[in-house]
>>> print(open('my_file_18.txt').read())   # compact mmCIF, C-alpha atoms and all ligand atoms
# COMPACT_ATOMS: atom_id res chain seq x y z
CA MET A 248 17.18 4.88 -15.54
CA ASN A 249 16.60 6.48 -12.20
CA ALA A 250 13.88 5.02 -10.00
CA ASN A 251 14.02 8.08 -7.77
CA LYS A 252 12.44 10.14 -10.54
CA GLU A 253 9.50 7.78 -10.70
CA PHE A 254 8.56 7.86 -7.06
CA ARG A 255 8.52 10.59 -4.48
CA ILE A 256 8.91 10.47 -0.71
CA ILE A 257 7.24 13.02 1.54
CA GLU A 258 8.49 12.51 5.10
CA ASP A 259 6.40 13.73 8.05
CA PHE A 260 3.22 13.89 6.03
CA TYR A 261 1.85 13.10 9.48
CA ASP A 262 4.10 13.95 12.42
CA ALA A 263 5.25 11.27 14.86
CA THR A 264 2.44 11.83 17.36
CA GLU A 265 -0.32 11.83 14.73
CA SER A 266 1.17 8.80 12.97
CA ASP A 267 1.32 6.82 16.19
CA HIS A 268 -2.26 7.79 17.05
CA ILE A 269 -3.58 6.83 13.60
CA TYR A 270 -1.64 3.55 13.66
CA ARG A 271 -3.24 2.56 16.96
CA LEU A 272 -6.73 3.56 15.84
CA LEU A 273 -6.47 1.60 12.60
CA LEU A 274 -5.10 -1.45 14.39
CA GLN A 275 -8.19 -1.46 16.63
CA GLU A 276 -10.86 -0.24 14.24
CA GLN A 277 -10.13 -2.20 11.09
CA ASN A 278 -12.11 -5.38 10.65
CA TRP A 279 -9.10 -7.54 9.74
CA PRO A 280 -10.27 -10.68 7.94
CA ASP A 281 -8.76 -14.14 7.99
CA ASN A 282 -5.65 -14.22 5.81
CA SER A 283 -5.78 -17.86 4.74
CA TYR A 284 -6.87 -18.94 1.30
CA SER A 285 -6.84 -22.20 -0.64
CA VAL A 286 -5.55 -22.93 -4.11
CA ALA A 287 -6.26 -26.37 -5.58
CA GLY A 288 -7.16 -27.72 -2.16
CA ARG A 289 -3.99 -26.48 -0.45
CA LEU A 290 -4.19 -23.90 2.29
CA PHE A 291 -1.96 -20.82 2.13
CA GLU A 292 -1.55 -17.86 4.41
CA LEU A 293 -1.06 -14.36 3.08
CA PRO A 294 2.00 -12.98 4.97
CA ARG A 295 0.05 -9.85 6.04
CA LEU A 296 -3.55 -8.82 6.77
CA GLN A 297 -5.57 -6.69 4.37
CA THR A 298 -8.79 -4.74 4.06
CA TRP A 299 -10.17 -3.02 0.97
CA HIS A 300 -12.35 0.09 1.06
CA ALA A 301 -13.84 1.78 -1.98
CA ASP A 302 -16.50 4.11 -3.25
CA PRO A 303 -19.83 2.42 -4.08
CA GLY A 304 -19.68 0.24 -7.20
CA ILE A 305 -15.94 -0.42 -7.05
CA SER A 306 -14.76 -3.92 -6.22
CA TYR A 307 -11.40 -5.54 -5.74
CA SER A 308 -10.39 -7.64 -8.72
CA TYR A 309 -6.85 -8.78 -8.04
CA SER A 310 -5.48 -12.30 -8.07
CA ASN A 311 -6.09 -14.58 -5.06
CA ASN A 312 -8.56 -12.06 -3.82
CA LEU A 313 -10.84 -12.86 -0.92
CA LEU A 314 -11.50 -9.31 0.08
CA GLN A 315 -14.96 -7.90 0.51
CA THR A 316 -15.33 -4.23 -0.29
CA GLN A 317 -15.88 -2.27 2.89
CA PRO A 318 -17.12 1.31 3.13
CA TRP A 319 -14.76 4.17 3.98
CA THR A 320 -14.53 4.62 7.74
CA PRO A 321 -14.52 8.25 8.95
CA LEU A 322 -10.79 7.92 9.74
CA LEU A 323 -9.90 6.50 6.30
CA ALA A 324 -12.05 9.17 4.63
CA ASP A 325 -10.20 11.90 6.58
CA ILE A 326 -6.82 10.54 5.55
CA ARG A 327 -7.94 10.25 1.92
CA GLN A 328 -9.03 13.89 1.96
CA LYS A 329 -5.67 15.07 3.31
CA VAL A 330 -3.78 13.02 0.70
CA GLU A 331 -6.03 14.25 -2.12
CA LEU A 332 -5.67 17.90 -1.12
CA PHE A 333 -1.90 17.57 -0.91
CA LEU A 334 -1.55 15.81 -4.27
CA SER A 335 -4.45 17.46 -6.15
CA PHE A 336 -5.50 14.01 -7.27
CA SER A 337 -8.58 11.97 -6.40
CA PHE A 338 -8.60 8.33 -5.32
CA ASN A 339 -11.60 6.01 -5.10
CA ALA A 340 -10.16 3.04 -3.22
CA VAL A 341 -7.63 2.12 -0.57
CA LEU A 342 -5.95 -1.20 0.13
CA VAL A 343 -4.91 -1.38 3.79
CA ASN A 344 -2.06 -3.74 4.63
CA LEU A 345 -1.04 -4.74 8.14
CA TYR A 346 2.48 -6.17 8.43
CA ARG A 347 2.07 -7.59 11.93
CA ASN A 348 5.86 -7.69 12.50
CA GLY A 349 9.04 -8.13 10.48
CA GLN A 350 8.05 -11.65 9.42
CA ASP A 351 5.22 -10.23 7.31
CA TYR A 352 6.18 -9.06 3.83
CA VAL A 353 5.07 -8.57 0.26
CA GLY A 354 7.02 -10.12 -2.60
CA TRP A 355 8.13 -8.54 -5.88
CA HIS A 356 5.24 -7.06 -7.83
CA ALA A 357 4.05 -4.00 -9.74
CA ASP A 358 0.72 -2.35 -9.00
CA ASN A 359 -0.37 -2.51 -12.60
CA GLU A 360 -3.64 -4.42 -12.47
CA ALA A 361 -5.87 -3.83 -15.49
CA ASP A 362 -8.54 -2.01 -13.53
CA LEU A 363 -6.06 0.70 -12.52
CA GLY A 364 -5.82 1.66 -16.20
CA GLU A 365 -2.69 2.33 -18.28
CA GLN A 366 -1.39 5.08 -16.01
CA PRO A 367 -1.76 3.92 -12.39
CA TYR A 368 -0.83 6.63 -9.90
CA ILE A 369 -0.65 5.36 -6.32
CA ALA A 370 -0.10 7.07 -2.99
CA SER A 371 1.13 4.95 -0.10
CA LEU A 372 1.14 6.05 3.55
CA THR A 373 3.30 4.26 6.13
CA LEU A 374 2.31 4.14 9.82
CA GLY A 375 4.13 2.24 12.56
CA ALA A 376 7.40 0.37 12.10
CA THR A 377 10.07 1.58 9.68
CA ARG A 378 10.43 -0.91 6.85
CA GLN A 379 12.52 -1.16 3.72
CA PHE A 380 10.89 -0.47 0.38
CA ALA A 381 12.91 -2.33 -2.26
CA PHE A 382 12.71 -1.80 -5.99
CA ARG A 383 14.17 -3.62 -8.99
CA GLN A 384 14.25 -2.61 -12.63
CA LYS A 385 12.28 -5.12 -14.70
CA LYS A 386 14.77 -5.36 -17.58
CA THR A 387 18.18 -4.64 -16.09
CA ALA A 388 17.54 -5.96 -12.55
CA GLU A 389 19.19 -2.74 -11.25
CA CYS A 390 17.95 -2.45 -7.70
CA GLY A 391 17.80 -0.24 -4.65
CA SER A 392 15.86 0.45 -1.49
CA VAL A 393 14.70 3.26 0.72
CA LEU A 394 13.44 3.29 4.31
CA LEU A 395 9.81 4.20 4.86
CA ARG A 396 9.31 5.73 8.29
CA SER A 397 6.03 6.26 10.12
CA GLY A 398 4.15 9.22 8.68
CA THR A 399 5.85 9.03 5.27
CA LEU A 400 3.81 9.40 2.11
CA LEU A 401 5.25 7.66 -0.95
CA THR A 402 3.81 8.45 -4.36
CA MET A 403 4.47 6.20 -7.31
CA GLN A 404 4.24 7.62 -10.83
CA PRO A 405 2.72 5.41 -13.54
CA ALA A 406 6.20 4.96 -15.05
CA PHE A 407 7.37 3.34 -11.82
CA GLN A 408 4.85 0.51 -12.28
CA HIS A 409 5.83 0.23 -15.96
CA HIS A 410 9.57 -0.08 -15.35
CA TRP A 411 10.10 -1.38 -11.83
CA LEU A 412 8.97 -4.10 -9.43
CA HIS A 413 8.80 -3.36 -5.71
CA SER A 414 8.61 -5.34 -2.48
CA ILE A 415 8.60 -5.04 1.30
CA PRO A 416 11.16 -7.69 2.31
CA ALA A 417 10.86 -9.61 5.56
CA GLU A 418 13.03 -8.12 8.34
CA PRO A 419 12.82 -10.66 11.15
CA HIS A 420 14.44 -8.33 13.73
CA VAL A 421 11.47 -5.91 13.45
CA THR A 422 8.98 -6.58 16.23
CA GLN A 423 6.58 -3.67 15.74
CA GLY A 424 3.73 -3.68 13.24
CA ARG A 425 3.37 -1.45 10.19
CA ILE A 426 0.15 -0.35 8.53
CA ASN A 427 0.32 0.82 4.95
CA LEU A 428 -2.55 2.55 3.16
CA THR A 429 -2.29 2.44 -0.63
CA PHE A 430 -4.69 4.83 -2.29
CA ARG A 431 -5.69 3.88 -5.83
CA LYS A 432 -7.93 5.05 -8.60
CA VAL A 433 -9.89 2.17 -10.05
CA ILE A 434 -11.09 2.85 -13.58
CA LEU A 435 -14.64 1.62 -14.08
CA PRO A 436 -15.33 -0.23 -17.32
CA GLN A 437 -16.91 2.11 -19.90
MN MN A 501 2.58 -2.47 -4.21
>>> encode(input="my_file_18.txt", output="structure tokens")
Amino acid sequence: MNANKEFRIIEDFYDATESDHIYRLLLQEQNWPDNSYSVAGRLFELPRLQTWHADPGISYSYSNNLLQTQPWTPLLADIRQKVELFLSFSFNAVLVNLYRNGQDYVGWHADNEADLGEQPYIASLTLGATRQFAFRQKKTAECGSVLLRSGTLLTMQPAFQHHWLHSIPAEPHVTQGRINLTFRKVILPQ
């Protein structure tokens, strides 16, 4: 099985100048909430900061979720439009992740939550620091990684979520932050 057929990398979706500009704007504009949460009376810290923006009526329903749905900012709406035009696909939500430096990470997971439906198609834009995107086949544990540079758009086919897990490993030598926008299409209950 070839993971590279189940995701696609579009480098320079935004050029270096635009990417840097957007990164700085988002860093300032986003209303980053507290990243601590408690489970059974113990306090944990999410190793990144997140915001969730969606069309009216769409909420965030993932595990350990503390996120309030925020409206689309003009900047996020502009980026969504560019991504949608390029991919000829419409998205109704975006999860924004800030990896403050190389200590921040996300562990192995698949973006296959029930409310994304059976065929989740996700577009992920990287701004800021270059980080590794690691993937691992669920059954065979075959694994690999690619570098995601600022301005890169990564699209993940539904089959990628079915067959592979992915992660952004910690890279302690990285001092710069990375912002990642993951555009999603939440399926409303019928
Ligand atoms: Mn993910």
>>> residues_near_ligand(input="my_file_18.txt", ligand="ligand MN 501 (chain A)", cutoff="7 Å", atoms="all atoms listed in the file", output="number ranges by chain")
A: 356-358, 413-414
>>> closest_atom_pairs(input="my_file_18.txt", of="range 269-386 of chain A", to="range 249-264 of chain A", cutoff="10 Å", atoms="all atoms listed in the file", output="tab-separated table")
residue	atom	partner	partner_atom	distance
A:Ile269	CA	A:Thr264	CA	8.7
A:Tyr270	CA	A:Thr264	CA	9.9
A:Ile326	CA	A:Tyr261	CA	9.9
A:Lys329	CA	A:Phe260	CA	9.4
A:Val330	CA	A:Phe260	CA	8.8
A:Phe333	CA	A:Phe260	CA	9.4
A:Tyr368	CA	A:Phe254	CA	9.9
A:Ile369	CA	A:Phe254	CA	9.6
A:Ala370	CA	A:Arg255	CA	9.4
A:Ser371	CA	A:Ile256	CA	9.6
A:Leu372	CA	A:Phe260	CA	8.5
A:Thr373	CA	A:Tyr261	CA	9.6
A:Leu374	CA	A:Tyr261	CA	9.0
A:Gly375	CA	A:Ala263	CA	9.4
A:Phe382	CA	A:Ala250	CA	8.0
A:Arg383	CA	A:Ala250	CA	8.7
A:Gln384	CA	A:Ala250	CA	8.1
>>> closest_residue(input="my_file_18.txt", among="A:Gly304, A:Pro321, A:Gly349, A:Pro280", to="Gly424 in chain A", atoms="only C-alpha atoms")
A:Gly349
>>> closest_residue(input="my_file_18.txt", among="A:Leu290, A:Val353, A:Leu273, A:Leu363", to="Pro416 in chain A", atoms="only C-alpha atoms")
A:Val353
>>> atom_distance(input="my_file_18.txt", atom1="CA of Met403 in chain A", atom2="CA of Arg431 in chain A")
10.5 Å
>>> atom_distance(input="my_file_18.txt", atom1="CA of Ala301 in chain A", atom2="CA of Leu342 in chain A")
8.7 Å
>>> residues_around(input="my_file_18.txt", residues="Gln350 in chain A", least_positions_apart="2", cutoff="6 Å", atoms="all atoms listed in the file", output="list in words")
Asn348, Ala417 and Pro419 of chain A
>>> write_last_selection(input="my_file_18.txt", atoms="C-alpha atoms", output="PDB file, keeping the file's coordinate frame")
ATOM      1  CA  ASN A 348       5.860  -7.690  12.500  1.00  0.00           C
ATOM      2  CA  ALA A 417      10.860  -9.610   5.560  1.00  0.00           C
ATOM      3  CA  PRO A 419      12.820 -10.660  11.150  1.00  0.00           C
TER       4      PRO A 419
END
>>> closest_residue(input="my_file_18.txt", among="A:Lys385, A:Arg396, A:His268, A:His409", to="Leu322 in chain A", atoms="only C-alpha atoms")
A:His268
>>> axis_aligned_box(input="my_file_18.txt", around="range 394-408 of chain A", padding_each_side="8 Å", output="AutoDock Vina command-line options")
--center_x 8.1 --center_y 5.0 --center_z -2.5 --size_x 26.7 --size_y 24.9 --size_z 41.2
>>> atom_distance(input="my_file_18.txt", atom1="CA of Leu395 in chain A", atom2="CA of Asn427 in chain A")
10.1 Å
>>> residues_around(input="my_file_18.txt", residues="Asn278 in chain A", least_positions_apart="4", cutoff="12 Å", atoms="all atoms listed in the file", output="mmCIF file with C-alpha atoms, keeping the file's coordinate frame")
data_model
loop_
_atom_site.group_PDB
_atom_site.id
_atom_site.type_symbol
_atom_site.label_atom_id
_atom_site.label_comp_id
_atom_site.auth_asym_id
_atom_site.auth_seq_id
_atom_site.Cartn_x
_atom_site.Cartn_y
_atom_site.Cartn_z
ATOM 1 C CA LEU A 272 -6.730 3.560 15.840
ATOM 2 C CA LEU A 273 -6.470 1.600 12.600
ATOM 3 C CA LEU A 274 -5.100 -1.450 14.390
ATOM 4 C CA ASN A 282 -5.650 -14.220 5.810
ATOM 5 C CA LEU A 296 -3.550 -8.820 6.770
ATOM 6 C CA GLN A 297 -5.570 -6.690 4.370
ATOM 7 C CA THR A 298 -8.790 -4.740 4.060
ATOM 8 C CA TRP A 299 -10.170 -3.020 0.970
ATOM 9 C CA HIS A 300 -12.350 0.090 1.060
ATOM 10 C CA LEU A 314 -11.500 -9.310 0.080
ATOM 11 C CA GLN A 315 -14.960 -7.900 0.510
ATOM 12 C CA THR A 316 -15.330 -4.230 -0.290
ATOM 13 C CA GLN A 317 -15.880 -2.270 2.890
ATOM 14 C CA PRO A 318 -17.120 1.310 3.130
ATOM 15 C CA TRP A 319 -14.760 4.170 3.980
ATOM 16 C CA THR A 320 -14.530 4.620 7.740
ATOM 17 C CA VAL A 343 -4.910 -1.380 3.790
ATOM 18 C CA ASN A 344 -2.060 -3.740 4.630
ATOM 19 C CA LEU A 345 -1.040 -4.740 8.140
#
>>> closest_residue(input="my_file_18.txt", among="A:Ile426, A:Pro294, A:Val433, A:Ala406", to="Asp281 in chain A", atoms="all atoms listed in the file")
A:Pro294
>>> decode(input="my_file_18.txt", residues="range 327-354 of chain A", atoms="N, CA and C atoms", output="short mmCIF file (atom, residue, chain, number, x, y, z; two decimals), in the first residue's frame")
data_model
loop_
_atom_site.label_atom_id
_atom_site.label_comp_id
_atom_site.auth_asym_id
_atom_site.auth_seq_id
_atom_site.Cartn_x
_atom_site.Cartn_y
_atom_site.Cartn_z
N ARG A 327 -10.17 29.96 3.16
CA ARG A 327 -11.10 28.88 2.79
C ARG A 327 -11.49 29.00 1.32
N GLN A 328 -11.80 30.22 0.89
CA GLN A 328 -12.24 30.41 -0.50
C GLN A 328 -11.16 29.98 -1.49
N LYS A 329 -9.92 30.36 -1.19
CA LYS A 329 -8.81 29.99 -2.10
C LYS A 329 -8.63 28.47 -2.15
N VAL A 330 -8.73 27.83 -0.99
CA VAL A 330 -8.59 26.37 -0.92
C VAL A 330 -9.74 25.70 -1.67
N GLU A 331 -10.95 26.20 -1.47
CA GLU A 331 -12.13 25.60 -2.12
C GLU A 331 -12.06 25.74 -3.65
N LEU A 332 -11.65 26.91 -4.10
CA LEU A 332 -11.54 27.12 -5.55
C LEU A 332 -10.51 26.18 -6.16
N PHE A 333 -9.40 26.04 -5.47
CA PHE A 333 -8.31 25.20 -5.97
C PHE A 333 -8.72 23.73 -6.02
N LEU A 334 -9.46 23.28 -5.00
CA LEU A 334 -9.79 21.85 -4.89
C LEU A 334 -11.17 21.51 -5.45
N SER A 335 -11.97 22.53 -5.79
CA SER A 335 -13.36 22.31 -6.20
C SER A 335 -14.09 21.44 -5.18
N PHE A 336 -13.97 21.84 -3.93
CA PHE A 336 -14.60 21.10 -2.85
C PHE A 336 -14.96 22.12 -1.77
N SER A 337 -16.10 21.95 -1.12
CA SER A 337 -16.48 22.94 -0.10
C SER A 337 -16.31 22.39 1.31
N PHE A 338 -15.84 23.26 2.18
CA PHE A 338 -15.60 22.91 3.59
C PHE A 338 -16.49 23.80 4.45
N ASN A 339 -16.92 23.28 5.61
CA ASN A 339 -17.76 24.12 6.48
C ASN A 339 -17.15 24.36 7.86
N ALA A 340 -15.92 23.92 8.06
CA ALA A 340 -15.29 24.12 9.36
C ALA A 340 -13.78 24.10 9.21
N VAL A 341 -13.11 24.74 10.14
CA VAL A 341 -11.64 24.67 10.17
C VAL A 341 -11.16 24.56 11.62
N LEU A 342 -10.28 23.61 11.85
CA LEU A 342 -9.61 23.50 13.15
C LEU A 342 -8.23 24.13 12.97
N VAL A 343 -7.95 25.15 13.79
CA VAL A 343 -6.67 25.86 13.70
C VAL A 343 -5.80 25.37 14.85
N ASN A 344 -4.62 24.89 14.53
CA ASN A 344 -3.67 24.42 15.55
C ASN A 344 -2.45 25.30 15.55
N LEU A 345 -2.04 25.73 16.73
CA LEU A 345 -0.77 26.45 16.88
C LEU A 345 0.21 25.56 17.64
N TYR A 346 1.27 25.15 16.95
CA TYR A 346 2.39 24.44 17.59
C TYR A 346 3.39 25.54 17.93
N ARG A 347 3.43 25.92 19.22
CA ARG A 347 4.15 27.13 19.62
C ARG A 347 5.64 27.05 19.33
N ASN A 348 6.19 25.83 19.39
CA ASN A 348 7.58 25.54 19.04
C ASN A 348 7.67 24.03 18.88
N GLY A 349 8.90 23.52 18.75
CA GLY A 349 9.09 22.10 18.49
C GLY A 349 8.68 21.17 19.63
N GLN A 350 8.40 21.74 20.78
CA GLN A 350 7.93 20.89 21.91
C GLN A 350 6.47 20.52 21.73
N ASP A 351 5.72 21.36 21.01
CA ASP A 351 4.31 21.06 20.77
C ASP A 351 4.20 19.99 19.69
N TYR A 352 3.17 19.18 19.78
CA TYR A 352 3.04 18.03 18.87
C TYR A 352 1.59 17.57 18.85
N VAL A 353 1.31 16.63 17.94
CA VAL A 353 0.06 15.87 18.03
C VAL A 353 0.42 14.40 17.84
N GLY A 354 -0.14 13.56 18.69
CA GLY A 354 0.15 12.12 18.67
C GLY A 354 -0.57 11.41 17.53
#
